$ cat model12.txt   # compact mmCIF, C-alpha atoms
# COMPACT_ATOMS: atom_id res chain seq x y z
CA MET A 21 71.89 80.50 114.21
CA THR A 22 75.04 80.61 116.34
CA ASP A 23 74.87 82.11 119.82
CA ILE A 24 77.53 84.63 120.81
CA ALA A 25 78.25 86.35 124.09
CA ALA A 26 76.76 89.79 124.58
CA PRO A 27 79.09 92.75 125.16
CA ALA A 28 79.87 93.70 128.72
CA ALA A 29 78.44 97.19 129.08
CA PRO A 30 79.41 99.69 131.78
CA GLY A 31 77.24 99.49 134.84
CA GLY A 32 76.17 95.93 134.09
CA THR A 33 73.57 96.88 131.49
CA ALA A 34 74.41 93.73 129.52
CA ALA A 35 75.34 90.52 131.30
CA GLU A 36 78.59 89.00 130.09
CA ASP A 37 77.18 85.50 130.17
CA GLU A 38 74.07 86.36 128.15
CA ALA A 39 73.94 84.78 124.69
CA LEU A 40 72.84 86.71 121.62
CA THR A 41 72.01 85.35 118.22
CA ASP A 42 73.39 87.26 115.27
CA GLU A 43 69.97 88.77 114.59
CA GLU A 44 69.62 89.87 118.22
CA LEU A 45 73.04 91.48 118.04
CA ARG A 46 72.05 93.31 114.86
CA ALA A 47 68.81 94.51 116.42
CA ALA A 48 70.66 95.84 119.47
CA VAL A 49 73.14 97.71 117.25
CA ARG A 50 70.29 99.11 115.14
CA ASP A 51 68.68 100.39 118.30
CA VAL A 52 71.72 102.51 119.22
CA ALA A 53 72.58 103.58 115.68
CA GLY A 54 68.95 104.50 114.99
CA ARG A 55 69.17 107.35 117.49
CA PHE A 56 71.31 109.24 114.95
CA ASP A 57 69.50 110.04 111.74
CA ASP A 58 70.71 111.07 108.29
CA GLY A 59 70.45 114.73 109.26
CA TYR A 60 72.99 114.18 112.02
CA TRP A 61 75.45 112.49 109.66
CA ALA A 62 75.02 115.13 106.97
CA GLU A 63 75.77 117.80 109.57
CA VAL A 64 78.93 116.26 111.04
CA ASP A 65 80.20 115.44 107.56
CA GLN A 66 79.64 118.99 106.32
CA GLU A 67 81.21 120.51 109.42
CA GLY A 68 84.12 118.06 109.58
CA ARG A 69 83.18 117.33 113.19
CA PHE A 70 84.12 114.05 114.87
CA PRO A 71 80.92 112.23 115.99
CA TRP A 72 81.76 112.12 119.67
CA ASP A 73 78.16 111.69 120.88
CA PHE A 74 77.71 108.71 118.56
CA TYR A 75 81.00 107.21 119.72
CA ASP A 76 80.05 107.75 123.38
CA ALA A 77 76.65 106.13 122.86
CA PHE A 78 78.28 102.94 121.59
CA ALA A 79 80.88 103.06 124.36
CA SER A 80 78.13 103.38 126.99
CA ALA A 81 76.26 100.45 125.45
CA GLY A 82 79.40 98.31 125.71
CA TRP A 83 80.03 97.68 122.03
CA LEU A 84 83.56 99.00 121.56
CA GLY A 85 85.26 95.87 122.87
CA ILE A 86 83.22 93.51 120.71
CA ALA A 87 86.31 91.67 119.39
CA ILE A 88 88.66 92.27 122.33
CA PRO A 89 89.24 89.10 124.43
CA ARG A 90 87.05 88.80 127.50
CA GLU A 91 90.02 88.59 129.87
CA TYR A 92 90.88 92.16 128.85
CA GLY A 93 87.43 93.64 129.33
CA GLY A 94 85.99 92.93 125.90
CA ALA A 95 83.30 90.60 124.65
CA GLY A 96 85.54 88.26 122.65
CA MET A 97 82.92 87.83 119.96
CA GLY A 98 85.21 87.66 116.95
CA ILE A 99 85.23 89.21 113.50
CA SER A 100 81.87 87.76 112.42
CA ALA A 101 80.08 89.58 115.21
CA ALA A 102 82.09 92.75 114.66
CA SER A 103 81.20 92.57 110.96
CA SER A 104 77.51 92.40 111.84
CA MET A 105 77.96 95.47 114.03
CA VAL A 106 79.66 97.66 111.42
CA TYR A 107 77.24 96.47 108.72
CA GLU A 108 74.28 97.68 110.77
CA ILE A 109 76.02 100.96 111.61
CA ALA A 110 76.71 101.67 107.95
CA ALA A 111 73.22 100.56 106.89
CA SER A 112 71.63 102.93 109.41
CA GLY A 113 72.83 105.81 107.24
CA ALA A 114 75.96 106.45 109.28
CA GLY A 115 78.16 105.03 106.53
CA MET A 116 81.91 105.34 106.91
CA ASN A 117 81.59 108.33 109.22
CA GLY A 118 79.90 106.03 111.72
CA CYS A 119 82.13 102.98 111.28
CA SER A 120 85.59 104.57 111.12
CA PRO A 121 85.70 105.62 114.80
CA PHE A 122 85.64 101.91 115.76
CA HIS A 123 87.94 100.38 113.14
CA LEU A 124 91.18 100.33 115.05
CA THR A 125 89.64 99.05 118.25
CA ILE A 126 88.67 95.98 116.24
CA PHE A 127 91.32 95.15 113.66
CA GLY A 128 94.23 97.34 114.79
CA LEU A 129 94.30 96.03 118.33
CA ASN A 130 93.57 92.52 117.13
CA LEU A 131 97.25 92.09 116.32
CA VAL A 132 98.18 93.43 119.77
CA ALA A 133 95.86 90.89 121.40
CA ARG A 134 97.49 88.10 119.39
CA HIS A 135 101.13 89.14 119.53
CA GLY A 136 101.61 91.95 122.04
CA GLY A 137 102.18 89.96 125.21
CA GLU A 138 100.48 90.21 128.58
CA ARG A 139 101.91 93.57 129.67
CA LEU A 140 100.92 95.43 126.51
CA CYS A 141 97.51 93.78 126.40
CA ARG A 142 96.79 94.77 130.01
CA GLU A 143 97.93 98.32 129.29
CA LEU A 144 95.88 98.88 126.13
CA LEU A 145 92.94 96.56 125.68
CA PRO A 146 90.74 97.30 128.73
CA ALA A 147 90.95 101.05 128.07
CA ALA A 148 90.11 100.52 124.39
CA ALA A 149 87.15 98.29 125.28
CA SER A 150 85.72 100.95 127.58
CA GLY A 151 86.13 103.68 124.98
CA ASP A 152 88.74 105.61 126.97
CA LEU A 153 91.62 104.84 124.59
CA HIS A 154 91.67 105.81 120.92
CA VAL A 155 94.18 104.12 118.64
CA CYS A 156 95.14 104.75 115.01
CA PHE A 157 96.91 102.52 112.48
CA ALA A 158 100.12 104.05 111.06
CA ILE A 159 101.19 101.78 108.21
CA THR A 160 100.82 103.54 104.83
CA GLU A 161 103.58 105.81 103.50
CA PRO A 162 103.59 108.31 100.62
CA ASP A 163 106.26 106.53 98.59
CA ALA A 164 105.26 102.95 99.43
CA GLY A 165 101.51 102.93 98.91
CA SER A 166 100.23 99.37 98.74
CA ASP A 167 103.77 97.95 98.70
CA THR A 168 104.39 97.49 102.42
CA SER A 169 107.85 96.07 101.75
CA ARG A 170 108.97 99.54 100.58
CA ILE A 171 108.31 101.23 103.92
CA ARG A 172 111.11 103.67 104.73
CA THR A 173 110.20 104.76 108.25
CA PHE A 174 113.12 103.48 110.33
CA ALA A 175 113.33 102.69 114.04
CA ARG A 176 116.96 102.78 115.16
CA ARG A 177 117.89 101.13 118.43
CA ASP A 178 119.47 103.59 120.89
CA GLY A 179 120.19 102.01 124.26
CA SER A 180 116.90 100.78 125.67
CA ASP A 181 114.90 103.01 123.31
CA TYR A 182 114.12 103.26 119.62
CA VAL A 183 114.44 106.50 117.65
CA ILE A 184 111.98 106.65 114.76
CA ASN A 185 112.24 108.79 111.64
CA GLY A 186 109.79 108.73 108.77
CA ARG A 187 106.48 109.78 107.37
CA LYS A 188 103.04 108.18 107.34
CA VAL A 189 99.97 109.12 105.31
CA TRP A 190 96.20 108.48 105.35
CA ILE A 191 96.22 107.86 109.09
CA THR A 192 92.59 107.83 110.18
CA LYS A 193 91.70 109.51 113.46
CA ALA A 194 95.32 110.35 114.33
CA ALA A 195 94.47 113.64 116.07
CA GLN A 196 91.83 111.94 118.23
CA SER A 197 94.13 109.05 119.20
CA GLN A 198 96.45 108.65 122.16
CA LYS A 199 98.28 105.69 120.62
CA ALA A 200 99.30 104.52 117.17
CA VAL A 201 100.03 100.98 116.00
CA LEU A 202 103.02 101.79 113.80
CA LEU A 203 105.03 99.69 111.35
CA ALA A 204 108.69 100.63 110.86
CA ARG A 205 111.82 99.04 109.52
CA THR A 206 114.37 98.01 112.17
CA SER A 207 116.81 96.38 109.74
CA GLU A 208 117.32 96.02 106.03
CA PRO A 209 116.33 92.67 104.50
CA GLY A 210 119.27 90.29 104.22
CA GLU A 211 120.62 89.09 100.91
CA GLY A 212 118.31 86.45 99.50
CA GLY A 213 115.68 87.21 102.14
CA ARG A 214 112.18 88.52 101.72
CA ARG A 215 111.67 92.27 101.31
CA THR A 216 109.25 92.18 104.23
CA ASP A 217 111.98 90.94 106.59
CA GLY A 218 113.21 93.52 109.08
CA LEU A 219 109.83 95.23 109.64
CA SER A 220 108.73 95.66 113.24
CA MET A 221 105.49 96.69 114.90
CA PHE A 222 105.26 99.29 117.67
CA VAL A 223 102.55 100.87 119.78
CA VAL A 224 103.65 104.48 120.23
CA ASP A 225 102.34 107.37 122.31
CA LEU A 226 100.96 110.34 120.36
CA THR A 227 100.07 112.55 123.33
CA GLY A 228 103.44 114.27 123.77
CA GLY A 229 103.24 116.52 120.73
CA GLU A 230 106.49 115.27 119.15
CA VAL A 231 104.68 113.97 116.07
CA GLU A 232 103.57 116.59 113.56
CA MET A 233 100.11 115.95 112.07
CA ARG A 234 98.55 117.55 109.02
CA PRO A 235 94.93 116.85 108.03
CA ILE A 236 94.30 115.80 104.42
CA PRO A 237 91.36 117.56 102.74
CA LYS A 238 89.31 114.89 100.99
CA MET A 239 86.11 114.13 99.09
CA GLY A 240 84.12 112.24 101.71
CA ARG A 241 83.94 110.77 105.21
CA ASN A 242 84.74 114.22 106.52
CA ALA A 243 83.54 113.68 110.09
CA VAL A 244 86.55 111.42 110.60
CA SER A 245 89.71 113.06 109.35
CA SER A 246 92.80 111.47 107.82
CA TYR A 247 96.27 112.80 108.56
CA GLU A 248 99.81 112.85 107.35
CA LEU A 249 102.31 112.18 110.17
CA PHE A 250 105.91 113.40 110.33
CA LEU A 251 108.23 111.60 112.78
CA ASP A 252 111.60 113.28 113.34
CA ASP A 253 113.87 111.66 115.94
CA PHE A 254 110.76 110.36 117.69
CA ARG A 255 111.99 108.44 120.73
CA VAL A 256 109.95 105.53 122.10
CA PRO A 257 110.83 103.01 124.81
CA GLY A 258 111.79 99.46 123.93
CA SER A 259 108.59 98.32 125.61
CA ALA A 260 106.66 99.84 122.68
CA LEU A 261 107.76 96.93 120.49
CA VAL A 262 105.00 94.41 119.71
CA GLY A 263 106.29 90.84 119.91
CA GLU A 264 109.68 90.20 118.33
CA GLU A 265 111.79 92.60 116.33
CA GLY A 266 111.65 91.93 112.60
CA ARG A 267 108.36 90.02 112.61
CA GLY A 268 106.08 93.02 112.10
CA PHE A 269 104.84 92.03 108.67
CA THR A 270 103.71 88.63 109.95
CA TYR A 271 101.81 90.37 112.74
CA LEU A 272 100.32 92.83 110.28
CA LEU A 273 98.44 90.01 108.56
CA ASP A 274 96.26 89.70 111.67
CA GLY A 275 95.19 93.28 111.01
CA ILE A 276 94.94 93.24 107.21
CA ASN A 277 92.51 90.36 106.73
CA PRO A 278 90.04 91.47 109.44
CA GLU A 279 90.25 95.02 108.04
CA ARG A 280 89.23 93.84 104.58
CA ILE A 281 86.43 91.71 105.97
CA LEU A 282 85.06 94.52 108.12
CA LEU A 283 85.18 97.12 105.38
CA ALA A 284 83.50 94.70 103.00
CA HIS A 285 80.54 94.61 105.37
CA GLU A 286 80.57 98.40 105.64
CA ALA A 287 80.42 98.71 101.85
CA LEU A 288 77.37 96.43 101.94
CA GLY A 289 75.79 98.57 104.65
CA ILE A 290 76.24 101.77 102.65
CA GLY A 291 74.76 100.03 99.62
CA ARG A 292 71.73 98.96 101.66
CA ALA A 293 71.19 102.48 102.97
CA ALA A 294 71.38 103.90 99.45
CA LEU A 295 69.06 101.25 98.06
CA ARG A 296 66.53 101.83 100.84
CA ARG A 297 66.31 105.53 100.01
CA ALA A 298 66.17 104.89 96.27
CA VAL A 299 63.31 102.40 96.57
CA ARG A 300 61.36 104.80 98.77
CA TYR A 301 61.88 107.66 96.34
CA ALA A 302 61.01 105.50 93.33
CA GLY A 303 57.73 104.54 94.98
CA GLU A 304 56.80 108.08 95.99
CA ARG A 305 58.02 110.21 93.08
CA VAL A 306 55.27 110.59 90.46
CA VAL A 307 56.13 111.69 86.92
CA PHE A 308 53.73 111.46 83.96
CA ASP A 309 50.98 110.31 86.35
CA ARG A 310 52.83 107.22 87.59
CA PRO A 311 55.49 106.45 90.20
CA ILE A 312 58.89 106.32 88.56
CA GLY A 313 59.52 102.91 90.13
CA GLN A 314 56.91 101.52 87.74
CA ASN A 315 59.36 102.11 84.91
CA GLN A 316 61.76 99.26 84.22
CA GLY A 317 64.54 101.76 83.53
CA ILE A 318 64.34 102.69 87.23
CA ALA A 319 63.27 99.36 88.73
CA PHE A 320 65.75 97.04 87.02
CA PRO A 321 68.97 98.77 88.18
CA LEU A 322 67.65 98.73 91.75
CA ALA A 323 66.66 95.06 91.49
CA GLU A 324 70.10 94.21 90.14
CA ALA A 325 71.78 96.22 92.92
CA SER A 326 69.78 94.28 95.50
CA MET A 327 70.85 90.92 94.07
CA ARG A 328 74.50 91.93 93.86
CA LEU A 329 74.45 93.05 97.48
CA ASP A 330 72.91 89.71 98.50
CA ALA A 331 75.56 87.73 96.62
CA ALA A 332 78.45 89.81 97.93
CA GLU A 333 77.18 89.42 101.48
CA LEU A 334 77.53 85.65 101.24
CA ALA A 335 81.20 86.05 100.35
CA ALA A 336 81.75 88.49 103.21
CA ARG A 337 80.11 86.28 105.83
CA HIS A 338 82.09 83.28 104.57
CA ALA A 339 85.37 85.20 104.94
CA ALA A 340 84.52 86.30 108.49
CA ALA A 341 83.61 82.77 109.53
CA ARG A 342 86.88 81.38 108.18
CA TYR A 343 88.89 83.99 110.06
CA ASP A 344 87.09 83.23 113.33
CA ARG A 345 87.76 79.51 112.86
CA GLY A 346 91.45 80.22 112.43
CA GLU A 347 91.45 79.05 108.82
CA PRO A 348 93.46 80.68 106.01
CA CYS A 349 91.32 83.46 104.55
CA GLY A 350 93.49 85.66 102.35
CA LYS A 351 91.56 84.64 99.24
CA GLU A 352 88.21 84.99 100.96
CA ALA A 353 88.99 88.36 102.62
CA ASN A 354 90.19 89.87 99.36
CA THR A 355 87.30 88.42 97.38
CA ALA A 356 84.79 89.79 99.87
CA LYS A 357 86.36 93.25 99.80
CA PHE A 358 86.33 93.33 95.98
CA LEU A 359 82.75 92.10 95.52
CA CYS A 360 81.26 94.16 98.34
CA ALA A 361 82.99 97.36 97.29
CA ASP A 362 81.67 96.99 93.76
CA ALA A 363 78.17 96.03 94.91
CA GLY A 364 77.97 98.90 97.40
CA PHE A 365 79.16 101.44 94.88
CA ALA A 366 76.76 100.16 92.21
CA ALA A 367 73.85 100.50 94.64
CA ALA A 368 74.86 104.04 95.61
CA ASP A 369 75.29 105.00 91.96
CA ALA A 370 71.86 103.60 91.11
CA ALA A 371 70.39 105.53 94.03
CA VAL A 372 71.80 108.82 92.74
CA GLN A 373 70.52 108.03 89.23
CA THR A 374 67.07 107.17 90.60
CA HIS A 375 66.84 110.57 92.28
CA GLY A 376 67.86 112.36 89.10
CA GLY A 377 68.92 115.93 89.78
CA PHE A 378 67.88 115.60 93.43
CA GLY A 379 70.44 112.82 93.80
CA TYR A 380 73.09 115.52 93.52
CA ALA A 381 71.53 117.53 96.35
CA ARG A 382 72.69 117.02 99.94
CA GLU A 383 69.08 117.09 101.12
CA TYR A 384 68.46 113.57 99.85
CA HIS A 385 71.64 112.08 101.35
CA VAL A 386 72.41 109.66 98.52
CA GLU A 387 75.26 111.89 97.31
CA ARG A 388 76.96 111.26 100.67
CA TYR A 389 76.51 107.51 100.30
CA PHE A 390 77.93 107.78 96.78
CA ARG A 391 81.04 109.64 98.00
CA GLU A 392 81.66 107.17 100.80
CA SER A 393 81.01 104.07 98.70
CA ARG A 394 83.52 105.30 96.14
CA LEU A 395 86.20 105.22 98.83
CA MET A 396 85.61 101.52 99.36
CA ARG A 397 86.94 100.74 95.87
CA ILE A 398 90.25 102.31 96.90
CA ALA A 399 90.64 101.56 100.60
CA PRO A 400 91.91 99.65 102.47
CA VAL A 401 93.28 98.10 99.27
CA SER A 402 92.46 99.00 95.68
CA GLN A 403 90.42 96.71 93.47
CA GLU A 404 93.46 96.35 91.20
CA MET A 405 95.67 95.12 94.06
CA VAL A 406 93.01 92.57 94.98
CA LEU A 407 93.09 91.30 91.40
CA ASN A 408 96.88 91.09 91.63
CA TYR A 409 96.56 89.01 94.80
CA ILE A 410 94.02 86.60 93.33
CA SER A 411 95.97 86.27 90.07
CA GLU A 412 99.19 85.38 91.84
CA HIS A 413 98.22 83.62 95.07
CA VAL A 414 95.01 81.86 93.99
CA LEU A 415 95.49 81.22 90.26
CA GLY A 416 99.26 80.79 90.43
CA LEU A 417 99.99 83.27 87.63
CA PRO A 418 103.31 85.16 87.50
CA LYS A 419 103.55 88.24 89.68
CA SER A 420 102.73 91.32 87.61
CA TYR A 421 104.68 93.94 89.56
$ encode --input "model12.txt" --output "structure tokens"
Amino acid sequence: MTDIAAPAAPGGTAAEDEALTDEELRAAVRDVAGRFDDGYWAEVDQEGRFPWDFYDAFASAGWLGIAIPREYGGAGMGISAASSMVYEIAASGAGMNGCSPFHLTIFGLNLVARHGGERLCRELLPAAASGDLHVCFAITEPDAGSDTSRIRTFARRDGSDYVINGRKVWITKAAQSQKAVLLARTSEPGEGGRRTDGLSMFVVDLTGGEVEMRPIPKMGRNAVSSYELFLDDFRVPGSALVGEEGRGFTYLLDGINPERILLAHEALGIGRAALRRAVRYAGERVVFDRPIGQNQGIAFPLAEASMRLDAAELAARHAAARYDRGEPCGKEANTAKFLCADAGFAAADAAVQTHGGFGYAREYHVERYFRESRLMRIAPVSQEMVLNYISEHVLGLPKSY
């Protein structure tokens, strides 16, 4: 089992040069996550309350900078280690409500670490690693959806500044964030060029109040809100630009693949939490003088869910390892997201069915897992768009859209 460096925690509670195996890392994460039970997550979800105490507990334990380079105050562990962390968080019962507060510190700032330059890295990464800086990812737009090339938000150069106009949607944690990693068009694609040419990446300040935010009421993951953003003549300094103008889509790929790998592991974690509760209930619930788990109609769907989770996990770990080795992983990241999302949802669905009518009751928590696992088949990319990617880029079939 590979050794990885432990996170540097505030106050020296974890030595930077200590080595942890993957299982030791998982056990340490389980220890922190285990302090927050299902009742806590049901409460914050029902109240729509951001889980600040959970976030602060992980910040104090030094886990927020798990994938941030060590020279900027992080642990530099990579996506494999970060995937183990979010898997264990989700599997603890925290689900997406527990994982979403950390997403952008991992995959959003990953592209800043790779392409942002020394000044921007020094400004952002140490504060993110300590938990003092919250960042959101402002990519998606109402009229573009999964087609990033259709982004309309435009950043016009004005002297040494940029003036941005546009609209973003489904921006997780925007109201809790001081900064946003934002993709905007700075020029139209040239004739014969790619539609993704002319996109640029920025890190913009959200603390001034110039950006209007509207929360989006939604089915699940209600402790961490999603927002629609309206940018009208939003002025940012030229120093907000990440890397070179017009190369934003290339940089975005260093956020997209880690995002899909991480969320694949979270889907697995939710599936494990659901399966754990279903197995316990099936063993304890007695109907017609026998535990319902003795019936193949109950046992077989749970056994199949367990096997599908195991198989999907192999794909997810393979994708993470390829990314950390610097190898191409578009196929693997998309495959992992597809298989894990389906396996996690199937496990959550089987858990609800196992509980019967009680599966629909909040008291038993599996309805929350079901709602959150359903999201994973849509975000961060739909199952259909994954199939499009594999059809075209892996099988070499004609593009279907």
$ closest_residue --input "model12.txt" --among "A:Phe250, A:Tyr301, A:Tyr409, A:Phe70" --to "Ala158 of chain A" --atoms "all atoms listed in the file"
A:Phe250
$ residues_near_point --input "model12.txt" --point "(97.1, 103.1, 94.7)" --cutoff "8 Å" --atoms "only C-alpha atoms" --output "number ranges by chain"
A: 165-166, 398, 401-402
$ residues_around --input "model12.txt" --residues "segment 384-392 of chain A" --least-positions-apart "3" --cutoff "10 Å" --atoms "only C-alpha atoms" --output "PDB file with C-alpha atoms, keeping the file's coordinate frame"
ATOM      1  CA  ASP A  58      70.710 111.070 108.290  1.00  0.00           C
ATOM      2  CA  GLY A  59      70.450 114.730 109.260  1.00  0.00           C
ATOM      3  CA  TRP A  61      75.450 112.490 109.660  1.00  0.00           C
ATOM      4  CA  ALA A  62      75.020 115.130 106.970  1.00  0.00           C
ATOM      5  CA  ASP A  65      80.200 115.440 107.560  1.00  0.00           C
ATOM      6  CA  GLN A  66      79.640 118.990 106.320  1.00  0.00           C
ATOM      7  CA  ALA A 110      76.710 101.670 107.950  1.00  0.00           C
ATOM      8  CA  GLY A 113      72.830 105.810 107.240  1.00  0.00           C
ATOM      9  CA  ALA A 114      75.960 106.450 109.280  1.00  0.00           C
ATOM     10  CA  GLY A 115      78.160 105.030 106.530  1.00  0.00           C
ATOM     11  CA  MET A 116      81.910 105.340 106.910  1.00  0.00           C
ATOM     12  CA  ASN A 117      81.590 108.330 109.220  1.00  0.00           C
ATOM     13  CA  MET A 239      86.110 114.130  99.090  1.00  0.00           C
ATOM     14  CA  GLY A 240      84.120 112.240 101.710  1.00  0.00           C
ATOM     15  CA  ARG A 241      83.940 110.770 105.210  1.00  0.00           C
ATOM     16  CA  ASN A 242      84.740 114.220 106.520  1.00  0.00           C
ATOM     17  CA  ALA A 287      80.420  98.710 101.850  1.00  0.00           C
ATOM     18  CA  GLY A 289      75.790  98.570 104.650  1.00  0.00           C
ATOM     19  CA  ILE A 290      76.240 101.770 102.650  1.00  0.00           C
ATOM     20  CA  GLY A 291      74.760 100.030  99.620  1.00  0.00           C
ATOM     21  CA  ARG A 292      71.730  98.960 101.660  1.00  0.00           C
ATOM     22  CA  ALA A 293      71.190 102.480 102.970  1.00  0.00           C
ATOM     23  CA  ALA A 294      71.380 103.900  99.450  1.00  0.00           C
ATOM     24  CA  LEU A 295      69.060 101.250  98.060  1.00  0.00           C
ATOM     25  CA  ARG A 297      66.310 105.530 100.010  1.00  0.00           C
ATOM     26  CA  ALA A 298      66.170 104.890  96.270  1.00  0.00           C
ATOM     27  CA  TYR A 301      61.880 107.660  96.340  1.00  0.00           C
ATOM     28  CA  GLY A 364      77.970  98.900  97.400  1.00  0.00           C
ATOM     29  CA  PHE A 365      79.160 101.440  94.880  1.00  0.00           C
ATOM     30  CA  ALA A 366      76.760 100.160  92.210  1.00  0.00           C
ATOM     31  CA  ALA A 367      73.850 100.500  94.640  1.00  0.00           C
ATOM     32  CA  ALA A 368      74.860 104.040  95.610  1.00  0.00           C
ATOM     33  CA  ASP A 369      75.290 105.000  91.960  1.00  0.00           C
ATOM     34  CA  ALA A 370      71.860 103.600  91.110  1.00  0.00           C
ATOM     35  CA  ALA A 371      70.390 105.530  94.030  1.00  0.00           C
ATOM     36  CA  VAL A 372      71.800 108.820  92.740  1.00  0.00           C
ATOM     37  CA  GLN A 373      70.520 108.030  89.230  1.00  0.00           C
ATOM     38  CA  THR A 374      67.070 107.170  90.600  1.00  0.00           C
ATOM     39  CA  HIS A 375      66.840 110.570  92.280  1.00  0.00           C
ATOM     40  CA  PHE A 378      67.880 115.600  93.430  1.00  0.00           C
ATOM     41  CA  GLY A 379      70.440 112.820  93.800  1.00  0.00           C
ATOM     42  CA  TYR A 380      73.090 115.520  93.520  1.00  0.00           C
ATOM     43  CA  ALA A 381      71.530 117.530  96.350  1.00  0.00           C
ATOM     44  CA  LEU A 395      86.200 105.220  98.830  1.00  0.00           C
ATOM     45  CA  MET A 396      85.610 101.520  99.360  1.00  0.00           C
ATOM     46  CA  ARG A 397      86.940 100.740  95.870  1.00  0.00           C
TER      47      ARG A 397
END
$ residues_around --input "model12.txt" --residues "Pro235 of chain A" --least-positions-apart "4" --cutoff "8 Å" --atoms "all atoms listed in the file" --output "compact mmCIF listing (two decimals) with C-alpha atoms, keeping the file's coordinate frame"
# COMPACT_ATOMS: atom_id res chain seq x y z
CA SER A 245 89.71 113.06 109.35
CA SER A 246 92.80 111.47 107.82
CA TYR A 247 96.27 112.80 108.56
CA GLU A 248 99.81 112.85 107.35
$ residues_around --input "model12.txt" --residues "Leu251 of chain A" --least-positions-apart "2" --cutoff "8 Å" --atoms "only C-alpha atoms" --output "ChimeraX atom specification"
/A:184-187,230-232,249,253-254
$ atom_distance --input "model12.txt" --atom1 "atom CA of Gly94 of chain A" --atom2 "atom CA of Cys141 of chain A"
11.6 Å
$ atom_distance --input "model12.txt" --atom1 "atom CA of Phe308 of chain A" --atom2 "atom CA of Pro321 of chain A"
20.3 Å
$ residues_around --input "model12.txt" --residues "segment 336-350 of chain A" --least-positions-apart "5" --cutoff "12 Å" --atoms "all atoms listed in the file" --output "PDB file with C-alpha atoms, in the frame of the given file"
ATOM      1  CA  THR A  22      75.040  80.610 116.340  1.00  0.00           C
ATOM      2  CA  ASP A  42      73.390  87.260 115.270  1.00  0.00           C
ATOM      3  CA  ALA A  87      86.310  91.670 119.390  1.00  0.00           C
ATOM      4  CA  GLY A  96      85.540  88.260 122.650  1.00  0.00           C
ATOM      5  CA  MET A  97      82.920  87.830 119.960  1.00  0.00           C
ATOM      6  CA  GLY A  98      85.210  87.660 116.950  1.00  0.00           C
ATOM      7  CA  ILE A  99      85.230  89.210 113.500  1.00  0.00           C
ATOM      8  CA  SER A 100      81.870  87.760 112.420  1.00  0.00           C
ATOM      9  CA  ALA A 101      80.080  89.580 115.210  1.00  0.00           C
ATOM     10  CA  ALA A 102      82.090  92.750 114.660  1.00  0.00           C
ATOM     11  CA  SER A 103      81.200  92.570 110.960  1.00  0.00           C
ATOM     12  CA  SER A 104      77.510  92.400 111.840  1.00  0.00           C
ATOM     13  CA  TYR A 107      77.240  96.470 108.720  1.00  0.00           C
ATOM     14  CA  PHE A 127      91.320  95.150 113.660  1.00  0.00           C
ATOM     15  CA  ASN A 130      93.570  92.520 117.130  1.00  0.00           C
ATOM     16  CA  LEU A 273      98.440  90.010 108.560  1.00  0.00           C
ATOM     17  CA  ASP A 274      96.260  89.700 111.670  1.00  0.00           C
ATOM     18  CA  GLY A 275      95.190  93.280 111.010  1.00  0.00           C
ATOM     19  CA  ILE A 276      94.940  93.240 107.210  1.00  0.00           C
ATOM     20  CA  ASN A 277      92.510  90.360 106.730  1.00  0.00           C
ATOM     21  CA  PRO A 278      90.040  91.470 109.440  1.00  0.00           C
ATOM     22  CA  GLU A 279      90.250  95.020 108.040  1.00  0.00           C
ATOM     23  CA  ARG A 280      89.230  93.840 104.580  1.00  0.00           C
ATOM     24  CA  ILE A 281      86.430  91.710 105.970  1.00  0.00           C
ATOM     25  CA  LEU A 282      85.060  94.520 108.120  1.00  0.00           C
ATOM     26  CA  LEU A 283      85.180  97.120 105.380  1.00  0.00           C
ATOM     27  CA  ALA A 284      83.500  94.700 103.000  1.00  0.00           C
ATOM     28  CA  HIS A 285      80.540  94.610 105.370  1.00  0.00           C
ATOM     29  CA  GLU A 286      80.570  98.400 105.640  1.00  0.00           C
ATOM     30  CA  ALA A 287      80.420  98.710 101.850  1.00  0.00           C
ATOM     31  CA  LEU A 288      77.370  96.430 101.940  1.00  0.00           C
ATOM     32  CA  GLY A 289      75.790  98.570 104.650  1.00  0.00           C
ATOM     33  CA  LEU A 329      74.450  93.050  97.480  1.00  0.00           C
ATOM     34  CA  ASP A 330      72.910  89.710  98.500  1.00  0.00           C
ATOM     35  CA  ALA A 331      75.560  87.730  96.620  1.00  0.00           C
ATOM     36  CA  THR A 355      87.300  88.420  97.380  1.00  0.00           C
ATOM     37  CA  ALA A 356      84.790  89.790  99.870  1.00  0.00           C
ATOM     38  CA  LYS A 357      86.360  93.250  99.800  1.00  0.00           C
ATOM     39  CA  PHE A 358      86.330  93.330  95.980  1.00  0.00           C
ATOM     40  CA  LEU A 359      82.750  92.100  95.520  1.00  0.00           C
ATOM     41  CA  CYS A 360      81.260  94.160  98.340  1.00  0.00           C
ATOM     42  CA  ALA A 361      82.990  97.360  97.290  1.00  0.00           C
ATOM     43  CA  ALA A 363      78.170  96.030  94.910  1.00  0.00           C
ATOM     44  CA  VAL A 406      93.010  92.570  94.980  1.00  0.00           C
ATOM     45  CA  TYR A 409      96.560  89.010  94.800  1.00  0.00           C
ATOM     46  CA  ILE A 410      94.020  86.600  93.330  1.00  0.00           C
ATOM     47  CA  GLU A 412      99.190  85.380  91.840  1.00  0.00           C
ATOM     48  CA  HIS A 413      98.220  83.620  95.070  1.00  0.00           C
ATOM     49  CA  VAL A 414      95.010  81.860  93.990  1.00  0.00           C
TER      50      VAL A 414
END
$ atom_distance --input "model12.txt" --atom1 "atom CA of Thr216 of chain A" --atom2 "atom CA of Phe269 of chain A"
6.3 Å
$ closest_residue --input "model12.txt" --among "A:Ala111, A:Leu84, A:Leu131, A:Ala47" --to "Ser393 of chain A" --atoms "all atoms listed in the file"
A:Ala111
